[in-house]
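Visitor: The structure that follows is given in the form of structure tokens.
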Amino acid sequence: MEPFLAKEEPPVPEESLAELAEQVEWLEARQGPLSLETTAARHELAGALHAAGRLAEAEEQYTRAYQGFARVSGPTHLFTLTCMNNLALVLRDRRKWQPALELLATVHQARASLLGPAHPLTLNAANNFLIIQVKQGDLETAARDYPTLIRGCEEAFGPEDGTTHAIRLNYAHLLRRLGRHREAVELLGEWAERPVAEVLLGCARTLRYTGLFPVAMTASRYGAELTLSTHAAARTAHGPGEQLRDDELDIVCEVVGPDELEVPYSPDLDLLAPADQVADAIGALAEHLAQAERELGEQRLRVRVFVHHTHWPRLSSPPVLTVDRRLMSARDQARHDRLMQATDHRPVEVPQTGRRGFRRAAGGFSVLLPAAPDVIVSTVVGLDSRPAPSPYEA
């Protein structure tokens, strides 16, 4: 199936790409550009170019490989269909949504005829199709088709298989985007909940691993959604349009480019230091919330945490990690406040604006933690612009 983990493939050395290109050129000269041997070598070169992020070249080589496979083996041969599937994934990464969907629809239909609707290769094409459909923004249509894909995975792999579970997570994530939180929880059953501290630690690990800048994050005991933006000093080569995942914690990360943001910034900007500061703060907050859950009791810490950039993209103004506790009882909020007072921290004054524009005092806390002195942790900042979470969001 389409990979679901946030793992970077090792970069393809330029020497290896040059060797593959030379092999294709050598075979072309001796056997012709459309021979099976030349086409197979070209397909391997296209895959290496894709892995190296050279998408335009990968698209060209996959297109020529498809022509070779179709001529030698026929348009519905499994070799040809695999090449079409891989070409569609390059088109996806180039954000050519409609051509990618058209290719995958053809691949799915042909594989279903040849192999059956529940064959892993058929399910692979269906999964890729739905992922691109979601990226294109056609959420409602994808939501109608996901149950069929899940039933096929249960038949092919078993209801408890990791691939089946990964598809369920995809569907649950889509349901949450549509505001259908109860359905998402019912779909995942016992997999739906986990300690919010574990989810936050997973987010911190992802931020540290990528070095990408967290434009947005919403996390709770049901998982997390992050939007991470590329910049010059990131630790990884993930590009816009890619999706990173931690299936165990249901963390989904969408990678965007600077030009995709409401207030664009230069891609040459070095955002590694503030990205690491936010990662440190998320980790420190996770440790605090783990202690709070032990002190308050199981399931009493009903919170949703999000990144709030008051002055984005003016990065000199510190971002805030807001702990939305509006589903906690007043008694539990007071107990949490007392716990924070007993925790090593430095209070920060963050005045809130009332409905008539007057400054008003707010309950809760806004603090700097010793492990993250550059990011504010608050229970008040940004709440006036967000609706209270539902019981299935926090």
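Lettering and numbering for the structure tokens are positional, with chains as A, B, ... in the shown order, residues counted from 1 in each chain, and ligands counted from 1 in the shown order.
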Check the DSSP output for the backbone and give back, as an MDAnalysis selection string, the residues of range 70-238 of chain A in alpha helix (DSSP H).
Guide: chainID A and resid 70:73 78:93 97:115 120:136 139:157 162:177 181:188 196:210
Visitor: Given only C-alpha atoms, how would the per-residue table for range 226-297 of chain A near range 187-207 of chain A read, listing every residue at most 6 Å away with its closest atom pair and distance in Å to one decimal, sorted by chain and number, as JSON lines?
Guide:
{"residue": "A:Leu249", "atom": "CA", "partner": "A:Val199", "partner_atom": "CA", "distance": 5.8}
{"residue": "A:Ala279", "atom": "CA", "partner": "A:Ala204", "partner_atom": "CA", "distance": 4.7}
{"residue": "A:Ile282", "atom": "CA", "partner": "A:Ala204", "partner_atom": "CA", "distance": 5.7}
{"residue": "A:Gly283", "atom": "CA", "partner": "A:Leu201", "partner_atom": "CA", "distance": 5.4}
{"residue": "A:Ala286", "atom": "CA", "partner": "A:Ala197", "partner_atom": "CA", "distance": 4.4}
{"residue": "A:Leu289", "atom": "CA", "partner": "A:Ala197", "partner_atom": "CA", "distance": 5.8}
{"residue": "A:Ala290", "atom": "CA", "partner": "A:Ala197", "partner_atom": "CA", "distance": 5.3}
Visitor: Could you jot down the CA of Pro391 in chain A to CA of Asp145 in chain A separation for me, Å, one decimal place?
Guide: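 Those two atoms sit 26.5 Å apart.
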Visitor: Taking into account only C-alpha atoms, which residue in the set A:Gln67, A:Thr76, A:Gln243, A:Ser35 is nearest to Ile131 in chain A?
Guide: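 Result for the nearest residue to Ile131 in chain A: A:Gln243.
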Visitor: Compile the contact shell of Glu295 in chain A as a list in words: residues with an atom at most 9 Å away, counting only C-alpha atoms, same-chain residues fewer than 2 positions apart removed.
Guide: Ala290, Gln291, Ala292, Glu293, Gly297, Glu298, Arg335, His336 and Leu339 of chain A
Visitor: How would the residues just picked look written out with N, CA, C and O atoms as a PDB file, in the first residue's frame?
Guide:
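Saved to selection-v6.pdb:
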ATOM      1  N   ALA A 290       1.606  14.683  31.439  1.00  0.00           N
ATOM      2  CA  ALA A 290       1.686  13.323  31.968  1.00  0.00           C
ATOM      3  C   ALA A 290       1.571  13.337  33.485  1.00  0.00           C
ATOM      4  O   ALA A 290       0.862  12.512  34.090  1.00  0.00           O
ATOM      5  N   GLN A 291       2.257  14.301  34.120  1.00  0.00           N
ATOM      6  CA  GLN A 291       2.141  14.444  35.576  1.00  0.00           C
ATOM      7  C   GLN A 291       0.729  14.854  35.977  1.00  0.00           C
ATOM      8  O   GLN A 291       0.168  14.341  36.947  1.00  0.00           O
ATOM      9  N   ALA A 292       0.136  15.766  35.187  1.00  0.00           N
ATOM     10  CA  ALA A 292      -1.219  16.221  35.510  1.00  0.00           C
ATOM     11  C   ALA A 292      -2.210  15.075  35.431  1.00  0.00           C
ATOM     12  O   ALA A 292      -3.112  14.965  36.272  1.00  0.00           O
ATOM     13  N   GLU A 293      -2.048  14.191  34.443  1.00  0.00           N
ATOM     14  CA  GLU A 293      -2.968  13.070  34.321  1.00  0.00           C
ATOM     15  C   GLU A 293      -2.829  12.112  35.506  1.00  0.00           C
ATOM     16  O   GLU A 293      -3.816  11.548  35.980  1.00  0.00           O
ATOM     17  N   GLY A 297      -6.147  12.052  37.817  1.00  0.00           N
ATOM     18  CA  GLY A 297      -6.858  10.793  37.644  1.00  0.00           C
ATOM     19  C   GLY A 297      -7.124  10.520  36.183  1.00  0.00           C
ATOM     20  O   GLY A 297      -7.235  11.437  35.355  1.00  0.00           O
ATOM     21  N   GLU A 298      -7.268   9.250  35.847  1.00  0.00           N
ATOM     22  CA  GLU A 298      -7.443   8.837  34.460  1.00  0.00           C
ATOM     23  C   GLU A 298      -8.700   9.448  33.843  1.00  0.00           C
ATOM     24  O   GLU A 298      -9.753   9.501  34.471  1.00  0.00           O
ATOM     25  N   ARG A 335      -7.710  22.480  40.095  1.00  0.00           N
ATOM     26  CA  ARG A 335      -6.676  21.538  40.545  1.00  0.00           C
ATOM     27  C   ARG A 335      -5.474  21.576  39.596  1.00  0.00           C
ATOM     28  O   ARG A 335      -4.325  21.511  40.029  1.00  0.00           O
ATOM     29  N   HIS A 336      -5.744  21.710  38.300  1.00  0.00           N
ATOM     30  CA  HIS A 336      -4.655  21.800  37.337  1.00  0.00           C
ATOM     31  C   HIS A 336      -3.859  23.084  37.538  1.00  0.00           C
ATOM     32  O   HIS A 336      -2.624  23.089  37.453  1.00  0.00           O
ATOM     33  N   LEU A 339      -1.567  22.582  40.370  1.00  0.00           N
ATOM     34  CA  LEU A 339      -0.455  21.729  39.971  1.00  0.00           C
ATOM     35  C   LEU A 339       0.589  22.540  39.211  1.00  0.00           C
ATOM     36  O   LEU A 339       1.800  22.371  39.422  1.00  0.00           O
TER      37      LEU A 339
END
Visitor: Can you pull out every residue within 7 Å of Pro240 in chain A, counting only C-alpha atoms, but drop anything in the same chain fewer than 2 positions away, and send it as a ChimeraX atom specification?
Guide: /A:242,255-257
Visitor: Could you write out that same residue set with N, CA and C atoms as a JSON list (two decimals), in the first residue's frame?
Guide:
[["chain", "number", "residue", "atom", "x", "y", "z"],
["A", 242, "GLU", "N", 3.77, 16.44, 0.48],
["A", 242, "GLU", "CA", 4.02, 15.16, 1.14],
["A", 242, "GLU", "C", 3.23, 15.07, 2.44],
["A", 255, "VAL", "N", 2.90, 18.61, 4.70],
["A", 255, "VAL", "CA", 4.02, 19.51, 4.41],
["A", 255, "VAL", "C", 3.58, 20.53, 3.36],
["A", 256, "VAL", "N", 3.81, 21.80, 3.64],
["A", 256, "VAL", "CA", 3.46, 22.87, 2.71],
["A", 256, "VAL", "C", 4.71, 23.70, 2.43],
["A", 257, "GLY", "N", 4.63, 24.51, 1.40],
["A", 257, "GLY", "CA", 5.71, 25.43, 1.06],
["A", 257, "GLY", "C", 5.35, 26.84, 1.52]]
Visitor: Just list as a PDB file with C-alpha atoms, in the first residue's frame whatever in range 145-328 of chain A DSSP marks as strand (DSSP E or B).
Guide:
ATOM      1  CA  PHE A 213       8.478  24.723  10.924  1.00  0.00           C
ATOM      2  CA  PRO A 214       5.136  24.066  12.695  1.00  0.00           C
ATOM      3  CA  VAL A 215       2.683  26.483  11.138  1.00  0.00           C
ATOM      4  CA  ALA A 216      -0.193  24.782  12.958  1.00  0.00           C
ATOM      5  CA  MET A 217      -0.802  21.862  15.312  1.00  0.00           C
ATOM      6  CA  THR A 218      -3.890  20.499  17.013  1.00  0.00           C
ATOM      7  CA  ALA A 219      -3.364  17.533  19.338  1.00  0.00           C
ATOM      8  CA  SER A 220      -5.446  15.568  21.831  1.00  0.00           C
ATOM      9  CA  GLY A 223      -4.133  12.026  17.786  1.00  0.00           C
ATOM     10  CA  ALA A 224      -2.769  15.141  16.110  1.00  0.00           C
ATOM     11  CA  GLU A 225      -2.793  17.120  12.898  1.00  0.00           C
ATOM     12  CA  LEU A 226       0.225  19.238  12.011  1.00  0.00           C
ATOM     13  CA  THR A 227       0.982  21.588   9.142  1.00  0.00           C
ATOM     14  CA  LEU A 228       4.736  21.854   8.691  1.00  0.00           C
ATOM     15  CA  SER A 229       6.378  24.318   6.337  1.00  0.00           C
ATOM     16  CA  GLN A 243       2.269  13.609   4.115  1.00  0.00           C
ATOM     17  CA  LEU A 244       4.090  12.145   7.115  1.00  0.00           C
ATOM     18  CA  ARG A 245       2.401   9.787   9.553  1.00  0.00           C
ATOM     19  CA  ASP A 246       2.790   8.104  12.895  1.00  0.00           C
ATOM     20  CA  ILE A 251      -0.393  11.838  13.991  1.00  0.00           C
ATOM     21  CA  VAL A 252      -0.786  13.244  10.483  1.00  0.00           C
ATOM     22  CA  CYS A 253       1.599  15.903   9.159  1.00  0.00           C
ATOM     23  CA  GLU A 254       0.967  17.815   5.952  1.00  0.00           C
ATOM     24  CA  VAL A 255       4.018  19.509   4.407  1.00  0.00           C
ATOM     25  CA  VAL A 256       3.459  22.869   2.706  1.00  0.00           C
ATOM     26  CA  ARG A 304      -6.796  19.910  23.226  1.00  0.00           C
ATOM     27  CA  VAL A 305      -3.426  21.570  22.505  1.00  0.00           C
ATOM     28  CA  PHE A 306      -2.723  23.811  19.543  1.00  0.00           C
ATOM     29  CA  VAL A 307       0.048  26.055  18.230  1.00  0.00           C
ATOM     30  CA  HIS A 308      -0.986  29.686  18.149  1.00  0.00           C
ATOM     31  CA  VAL A 320       2.116  29.864  22.088  1.00  0.00           C
ATOM     32  CA  LEU A 321       1.110  26.330  22.962  1.00  0.00           C
ATOM     33  CA  THR A 322      -2.475  26.714  24.106  1.00  0.00           C
ATOM     34  CA  VAL A 323      -4.006  24.054  26.346  1.00  0.00           C
ATOM     35  CA  ASP A 324      -7.761  24.174  25.730  1.00  0.00           C
TER      36      ASP A 324
END
Visitor: Between A:Asp138, A:Glu28, A:Asp337, A:Asp259, which one has atoms that come closest to Ala40 in chain A, using only C-alpha atoms?
Guide: A:Glu28
Visitor: How far is it from CA of Arg64 in chain A to CA of His77 in chain A, in Å with one decimal?
Guide: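 These two atoms are separated by 15.9 Å.
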Visitor: Excluding Pro319 in chain A and residues on its chain fewer than 6 positions from it, collect all residues at most 8 Å away from it, counting only C-alpha atoms, and give them as a PyMOL selection string.
Guide: chain A and resi 278+307-310+375-376
Visitor: Please, what distance in Å, to one decimal, runs between CA of Glu19 in chain A and CA of Leu78 in chain A?
Guide: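 One can read the CA of Glu19 in chain A to CA of Leu78 in chain A distance as 26.6 Å.
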Visitor: Which is closest to Pro147 in chain A among A:His288, A:Arg168, A:His181, A:Lys135, if we use only C-alpha atoms?
Guide: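 Smallest distance to Pro147 in chain A is found for A:Arg168.
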Visitor: Could you pull the residues within 12 Å of Leu104 in chain A, counting only C-alpha atoms, minus those fewer than 2 positions along the same chain, as a PyMOL selection string?
Guide: chain A and resi 81-92+97-102+106-112+121-133
Visitor: Which residues come within 12 Å of Pro373 in chain A, counting only C-alpha atoms, excluding same-chain residues fewer than 3 positions away, as a PDB file with all heavy atoms, in the first residue's frame?
Guide:
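Below is the file part16.pdb, written as the result:
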ATOM      1  N   PRO A 274      13.617  28.357  15.680  1.00  0.00           N
ATOM      2  CA  PRO A 274      12.268  28.401  16.259  1.00  0.00           C
ATOM      3  C   PRO A 274      11.529  27.080  16.160  1.00  0.00           C
ATOM      4  O   PRO A 274      10.727  26.747  17.032  1.00  0.00           O
ATOM      5  CB  PRO A 274      11.562  29.504  15.465  1.00  0.00           C
ATOM      6  CG  PRO A 274      12.369  29.704  14.231  1.00  0.00           C
ATOM      7  CD  PRO A 274      13.769  29.357  14.597  1.00  0.00           C
ATOM      8  N   ASP A 276      12.889  24.099  16.474  1.00  0.00           N
ATOM      9  CA  ASP A 276      13.393  23.305  17.594  1.00  0.00           C
ATOM     10  C   ASP A 276      12.870  23.828  18.932  1.00  0.00           C
ATOM     11  O   ASP A 276      12.632  23.053  19.859  1.00  0.00           O
ATOM     12  CB  ASP A 276      14.920  23.314  17.595  1.00  0.00           C
ATOM     13  CG  ASP A 276      15.516  22.380  16.546  1.00  0.00           C
ATOM     14  OD1 ASP A 276      14.754  21.556  15.997  1.00  0.00           O
ATOM     15  OD2 ASP A 276      16.725  22.482  16.284  1.00  0.00           O
ATOM     16  N   GLN A 277      12.690  25.139  19.041  1.00  0.00           N
ATOM     17  CA  GLN A 277      12.136  25.695  20.279  1.00  0.00           C
ATOM     18  C   GLN A 277      10.714  25.201  20.513  1.00  0.00           C
ATOM     19  O   GLN A 277      10.346  24.849  21.635  1.00  0.00           O
ATOM     20  CB  GLN A 277      12.173  27.226  20.218  1.00  0.00           C
ATOM     21  CG  GLN A 277      13.573  27.810  20.300  1.00  0.00           C
ATOM     22  CD  GLN A 277      13.622  29.272  19.895  1.00  0.00           C
ATOM     23  OE1 GLN A 277      12.588  29.881  19.587  1.00  0.00           O
ATOM     24  NE2 GLN A 277      14.811  29.843  19.880  1.00  0.00           N
ATOM     25  N   VAL A 278       9.915  25.170  19.459  1.00  0.00           N
ATOM     26  CA  VAL A 278       8.553  24.656  19.597  1.00  0.00           C
ATOM     27  C   VAL A 278       8.589  23.170  19.946  1.00  0.00           C
ATOM     28  O   VAL A 278       7.814  22.699  20.790  1.00  0.00           O
ATOM     29  CB  VAL A 278       7.740  24.902  18.312  1.00  0.00           C
ATOM     30  CG1 VAL A 278       6.370  24.248  18.415  1.00  0.00           C
ATOM     31  CG2 VAL A 278       7.574  26.399  18.057  1.00  0.00           C
ATOM     32  N   ALA A 279       9.487  22.417  19.324  1.00  0.00           N
ATOM     33  CA  ALA A 279       9.612  20.989  19.639  1.00  0.00           C
ATOM     34  C   ALA A 279       9.961  20.793  21.114  1.00  0.00           C
ATOM     35  O   ALA A 279       9.392  19.929  21.793  1.00  0.00           O
ATOM     36  CB  ALA A 279      10.672  20.339  18.749  1.00  0.00           C
ATOM     37  N   ASP A 280      10.905  21.601  21.628  1.00  0.00           N
ATOM     38  CA  ASP A 280      11.267  21.519  23.049  1.00  0.00           C
ATOM     39  C   ASP A 280      10.058  21.820  23.933  1.00  0.00           C
ATOM     40  O   ASP A 280       9.831  21.153  24.947  1.00  0.00           O
ATOM     41  CB  ASP A 280      12.383  22.505  23.370  1.00  0.00           C
ATOM     42  CG  ASP A 280      13.719  22.098  22.761  1.00  0.00           C
ATOM     43  OD1 ASP A 280      13.857  20.910  22.406  1.00  0.00           O
ATOM     44  OD2 ASP A 280      14.606  22.958  22.643  1.00  0.00           O
ATOM     45  N   ALA A 281       9.305  22.848  23.551  1.00  0.00           N
ATOM     46  CA  ALA A 281       8.153  23.244  24.363  1.00  0.00           C
ATOM     47  C   ALA A 281       7.076  22.168  24.357  1.00  0.00           C
ATOM     48  O   ALA A 281       6.452  21.895  25.388  1.00  0.00           O
ATOM     49  CB  ALA A 281       7.586  24.570  23.850  1.00  0.00           C
ATOM     50  N   ILE A 282       6.847  21.542  23.202  1.00  0.00           N
ATOM     51  CA  ILE A 282       5.847  20.476  23.130  1.00  0.00           C
ATOM     52  C   ILE A 282       6.275  19.301  24.004  1.00  0.00           C
ATOM     53  O   ILE A 282       5.458  18.708  24.722  1.00  0.00           O
ATOM     54  CB  ILE A 282       5.637  20.036  21.666  1.00  0.00           C
ATOM     55  CG1 ILE A 282       4.943  21.152  20.887  1.00  0.00           C
ATOM     56  CG2 ILE A 282       4.820  18.761  21.588  1.00  0.00           C
ATOM     57  CD1 ILE A 282       4.836  20.892  19.398  1.00  0.00           C
ATOM     58  N   ALA A 284       8.254  19.470  26.681  1.00  0.00           N
ATOM     59  CA  ALA A 284       8.123  19.880  28.085  1.00  0.00           C
ATOM     60  C   ALA A 284       6.660  19.884  28.524  1.00  0.00           C
ATOM     61  O   ALA A 284       6.331  19.458  29.637  1.00  0.00           O
ATOM     62  CB  ALA A 284       8.743  21.266  28.273  1.00  0.00           C
ATOM     63  N   LEU A 285       5.770  20.355  27.645  1.00  0.00           N
ATOM     64  CA  LEU A 285       4.348  20.347  27.965  1.00  0.00           C
ATOM     65  C   LEU A 285       3.840  18.917  28.103  1.00  0.00           C
ATOM     66  O   LEU A 285       3.012  18.620  28.974  1.00  0.00           O
ATOM     67  CB  LEU A 285       3.564  21.088  26.886  1.00  0.00           C
ATOM     68  CG  LEU A 285       2.047  21.108  27.039  1.00  0.00           C
ATOM     69  CD1 LEU A 285       1.619  21.735  28.367  1.00  0.00           C
ATOM     70  CD2 LEU A 285       1.390  21.842  25.868  1.00  0.00           C
ATOM     71  N   PRO A 318       7.020  35.302  20.252  1.00  0.00           N
ATOM     72  CA  PRO A 318       7.045  33.860  20.534  1.00  0.00           C
ATOM     73  C   PRO A 318       5.706  33.195  20.247  1.00  0.00           C
ATOM     74  O   PRO A 318       4.643  33.750  20.536  1.00  0.00           O
ATOM     75  CB  PRO A 318       7.372  33.800  22.027  1.00  0.00           C
ATOM     76  CG  PRO A 318       6.944  35.117  22.569  1.00  0.00           C
ATOM     77  CD  PRO A 318       7.169  36.113  21.466  1.00  0.00           C
ATOM     78  N   PRO A 319       5.745  31.998  19.648  1.00  0.00           N
ATOM     79  CA  PRO A 319       4.501  31.243  19.489  1.00  0.00           C
ATOM     80  C   PRO A 319       3.995  30.756  20.836  1.00  0.00           C
ATOM     81  O   PRO A 319       4.721  30.776  21.836  1.00  0.00           O
ATOM     82  CB  PRO A 319       4.913  30.074  18.590  1.00  0.00           C
ATOM     83  CG  PRO A 319       6.366  29.903  18.856  1.00  0.00           C
ATOM     84  CD  PRO A 319       6.910  31.268  19.143  1.00  0.00           C
ATOM     85  N   VAL A 320       2.744  30.312  20.853  1.00  0.00           N
ATOM     86  CA  VAL A 320       2.116  29.864  22.088  1.00  0.00           C
ATOM     87  C   VAL A 320       1.599  28.452  21.894  1.00  0.00           C
ATOM     88  O   VAL A 320       1.059  28.116  20.838  1.00  0.00           O
ATOM     89  CB  VAL A 320       0.934  30.791  22.471  1.00  0.00           C
ATOM     90  CG1 VAL A 320       0.277  30.322  23.773  1.00  0.00           C
ATOM     91  CG2 VAL A 320       1.404  32.232  22.606  1.00  0.00           C
ATOM     92  N   ASP A 344       7.965  23.939  38.248  1.00  0.00           N
ATOM     93  CA  ASP A 344       8.964  24.951  37.931  1.00  0.00           C
ATOM     94  C   ASP A 344       8.559  25.690  36.660  1.00  0.00           C
ATOM     95  O   ASP A 344       8.427  25.085  35.599  1.00  0.00           O
ATOM     96  CB  ASP A 344      10.329  24.281  37.766  1.00  0.00           C
ATOM     97  CG  ASP A 344      11.463  25.304  37.721  1.00  0.00           C
ATOM     98  OD1 ASP A 344      11.211  26.474  38.069  1.00  0.00           O
ATOM     99  OD2 ASP A 344      12.577  24.935  37.331  1.00  0.00           O
ATOM    100  N   HIS A 345       8.348  26.999  36.762  1.00  0.00           N
ATOM    101  CA  HIS A 345       7.928  27.778  35.603  1.00  0.00           C
ATOM    102  C   HIS A 345       8.155  29.255  35.896  1.00  0.00           C
ATOM    103  O   HIS A 345       8.442  29.647  37.026  1.00  0.00           O
ATOM    104  CB  HIS A 345       6.436  27.546  35.313  1.00  0.00           C
ATOM    105  CG  HIS A 345       5.529  28.108  36.358  1.00  0.00           C
ATOM    106  ND1 HIS A 345       5.260  27.459  37.538  1.00  0.00           N
ATOM    107  CD2 HIS A 345       4.843  29.281  36.424  1.00  0.00           C
ATOM    108  CE1 HIS A 345       4.436  28.193  38.270  1.00  0.00           C
ATOM    109  NE2 HIS A 345       4.172  29.306  37.618  1.00  0.00           N
ATOM    110  N   ARG A 346       8.003  30.072  34.879  1.00  0.00           N
ATOM    111  CA  ARG A 346       8.067  31.524  35.059  1.00  0.00           C
ATOM    112  C   ARG A 346       6.803  32.133  34.475  1.00  0.00           C
ATOM    113  O   ARG A 346       6.540  31.986  33.270  1.00  0.00           O
ATOM    114  CB  ARG A 346       9.303  32.100  34.350  1.00  0.00           C
ATOM    115  CG  ARG A 346       9.421  33.626  34.497  1.00  0.00           C
ATOM    116  CD  ARG A 346      10.823  34.090  34.157  1.00  0.00           C
ATOM    117  NE  ARG A 346      11.190  33.844  32.780  1.00  0.00           N
ATOM    118  CZ  ARG A 346      10.892  34.678  31.769  1.00  0.00           C
ATOM    119  NH1 ARG A 346      10.202  35.788  32.000  1.00  0.00           N
ATOM    120  NH2 ARG A 346      11.289  34.407  30.541  1.00  0.00           N
ATOM    121  N   PRO A 347       5.985  32.784  35.301  1.00  0.00           N
ATOM    122  CA  PRO A 347       4.731  33.355  34.786  1.00  0.00           C
ATOM    123  C   PRO A 347       4.998  34.432  33.727  1.00  0.00           C
ATOM    124  O   PRO A 347       5.984  35.143  33.762  1.00  0.00           O
ATOM    125  CB  PRO A 347       4.081  33.965  36.039  1.00  0.00           C
ATOM    126  CG  PRO A 347       4.714  33.240  37.179  1.00  0.00           C
ATOM    127  CD  PRO A 347       6.119  32.940  36.741  1.00  0.00           C
ATOM    128  N   VAL A 348       4.105  34.502  32.750  1.00  0.00           N
ATOM    129  CA  VAL A 348       4.171  35.500  31.686  1.00  0.00           C
ATOM    130  C   VAL A 348       2.829  36.213  31.648  1.00  0.00           C
ATOM    131  O   VAL A 348       1.770  35.582  31.655  1.00  0.00           O
ATOM    132  CB  VAL A 348       4.449  34.842  30.320  1.00  0.00           C
ATOM    133  CG1 VAL A 348       4.434  35.890  29.215  1.00  0.00           C
ATOM    134  CG2 VAL A 348       5.779  34.124  30.344  1.00  0.00           C
ATOM    135  N   VAL A 367       2.722  30.706  30.976  1.00  0.00           N
ATOM    136  CA  VAL A 367       4.025  30.527  31.608  1.00  0.00           C
ATOM    137  C   VAL A 367       5.089  30.185  30.575  1.00  0.00           C
ATOM    138  O   VAL A 367       4.784  29.813  29.438  1.00  0.00           O
ATOM    139  CB  VAL A 367       3.985  29.398  32.670  1.00  0.00           C
ATOM    140  CG1 VAL A 367       2.925  29.684  33.729  1.00  0.00           C
ATOM    141  CG2 VAL A 367       3.724  28.041  32.007  1.00  0.00           C
ATOM    142  N   LEU A 368       6.344  30.312  31.009  1.00  0.00           N
ATOM    143  CA  LEU A 368       7.489  29.774  30.287  1.00  0.00           C
ATOM    144  C   LEU A 368       8.064  28.642  31.122  1.00  0.00           C
ATOM    145  O   LEU A 368       8.272  28.794  32.325  1.00  0.00           O
ATOM    146  CB  LEU A 368       8.558  30.854  30.062  1.00  0.00           C
ATOM    147  CG  LEU A 368       8.172  32.018  29.149  1.00  0.00           C
ATOM    148  CD1 LEU A 368       9.264  33.081  29.139  1.00  0.00           C
ATOM    149  CD2 LEU A 368       7.922  31.525  27.730  1.00  0.00           C
ATOM    150  N   LEU A 369       8.305  27.501  30.490  1.00  0.00           N
ATOM    151  CA  LEU A 369       8.880  26.360  31.190  1.00  0.00           C
ATOM    152  C   LEU A 369      10.405  26.382  31.025  1.00  0.00           C
ATOM    153  O   LEU A 369      10.908  26.786  29.974  1.00  0.00           O
ATOM    154  CB  LEU A 369       8.314  25.061  30.631  1.00  0.00           C
ATOM    155  CG  LEU A 369       6.782  24.913  30.756  1.00  0.00           C
ATOM    156  CD1 LEU A 369       6.313  23.677  30.001  1.00  0.00           C
ATOM    157  CD2 LEU A 369       6.358  24.850  32.206  1.00  0.00           C
ATOM    158  N   PRO A 370      11.149  25.953  32.036  1.00  0.00           N
ATOM    159  CA  PRO A 370      12.618  26.003  31.947  1.00  0.00           C
ATOM    160  C   PRO A 370      13.167  25.256  30.729  1.00  0.00           C
ATOM    161  O   PRO A 370      14.169  25.671  30.150  1.00  0.00           O
ATOM    162  CB  PRO A 370      13.066  25.344  33.261  1.00  0.00           C
ATOM    163  CG  PRO A 370      11.926  25.536  34.193  1.00  0.00           C
ATOM    164  CD  PRO A 370      10.698  25.479  33.358  1.00  0.00           C
ATOM    165  N   ILE A 376       5.589  30.290  24.861  1.00  0.00           N
ATOM    166  CA  ILE A 376       4.635  30.443  25.958  1.00  0.00           C
ATOM    167  C   ILE A 376       3.698  29.238  26.001  1.00  0.00           C
ATOM    168  O   ILE A 376       3.222  28.767  24.969  1.00  0.00           O
ATOM    169  CB  ILE A 376       3.809  31.736  25.783  1.00  0.00           C
ATOM    170  CG1 ILE A 376       4.728  32.961  25.852  1.00  0.00           C
ATOM    171  CG2 ILE A 376       2.713  31.836  26.829  1.00  0.00           C
ATOM    172  CD1 ILE A 376       4.035  34.260  25.463  1.00  0.00           C
ATOM    173  N   VAL A 377       3.452  28.723  27.189  1.00  0.00           N
ATOM    174  CA  VAL A 377       2.441  27.693  27.417  1.00  0.00           C
ATOM    175  C   VAL A 377       1.284  28.366  28.151  1.00  0.00           C
ATOM    176  O   VAL A 377       1.481  28.944  29.216  1.00  0.00           O
ATOM    177  CB  VAL A 377       2.997  26.514  28.245  1.00  0.00           C
ATOM    178  CG1 VAL A 377       1.889  25.523  28.559  1.00  0.00           C
ATOM    179  CG2 VAL A 377       4.127  25.833  27.495  1.00  0.00           C
TER     180      VAL A 377
END
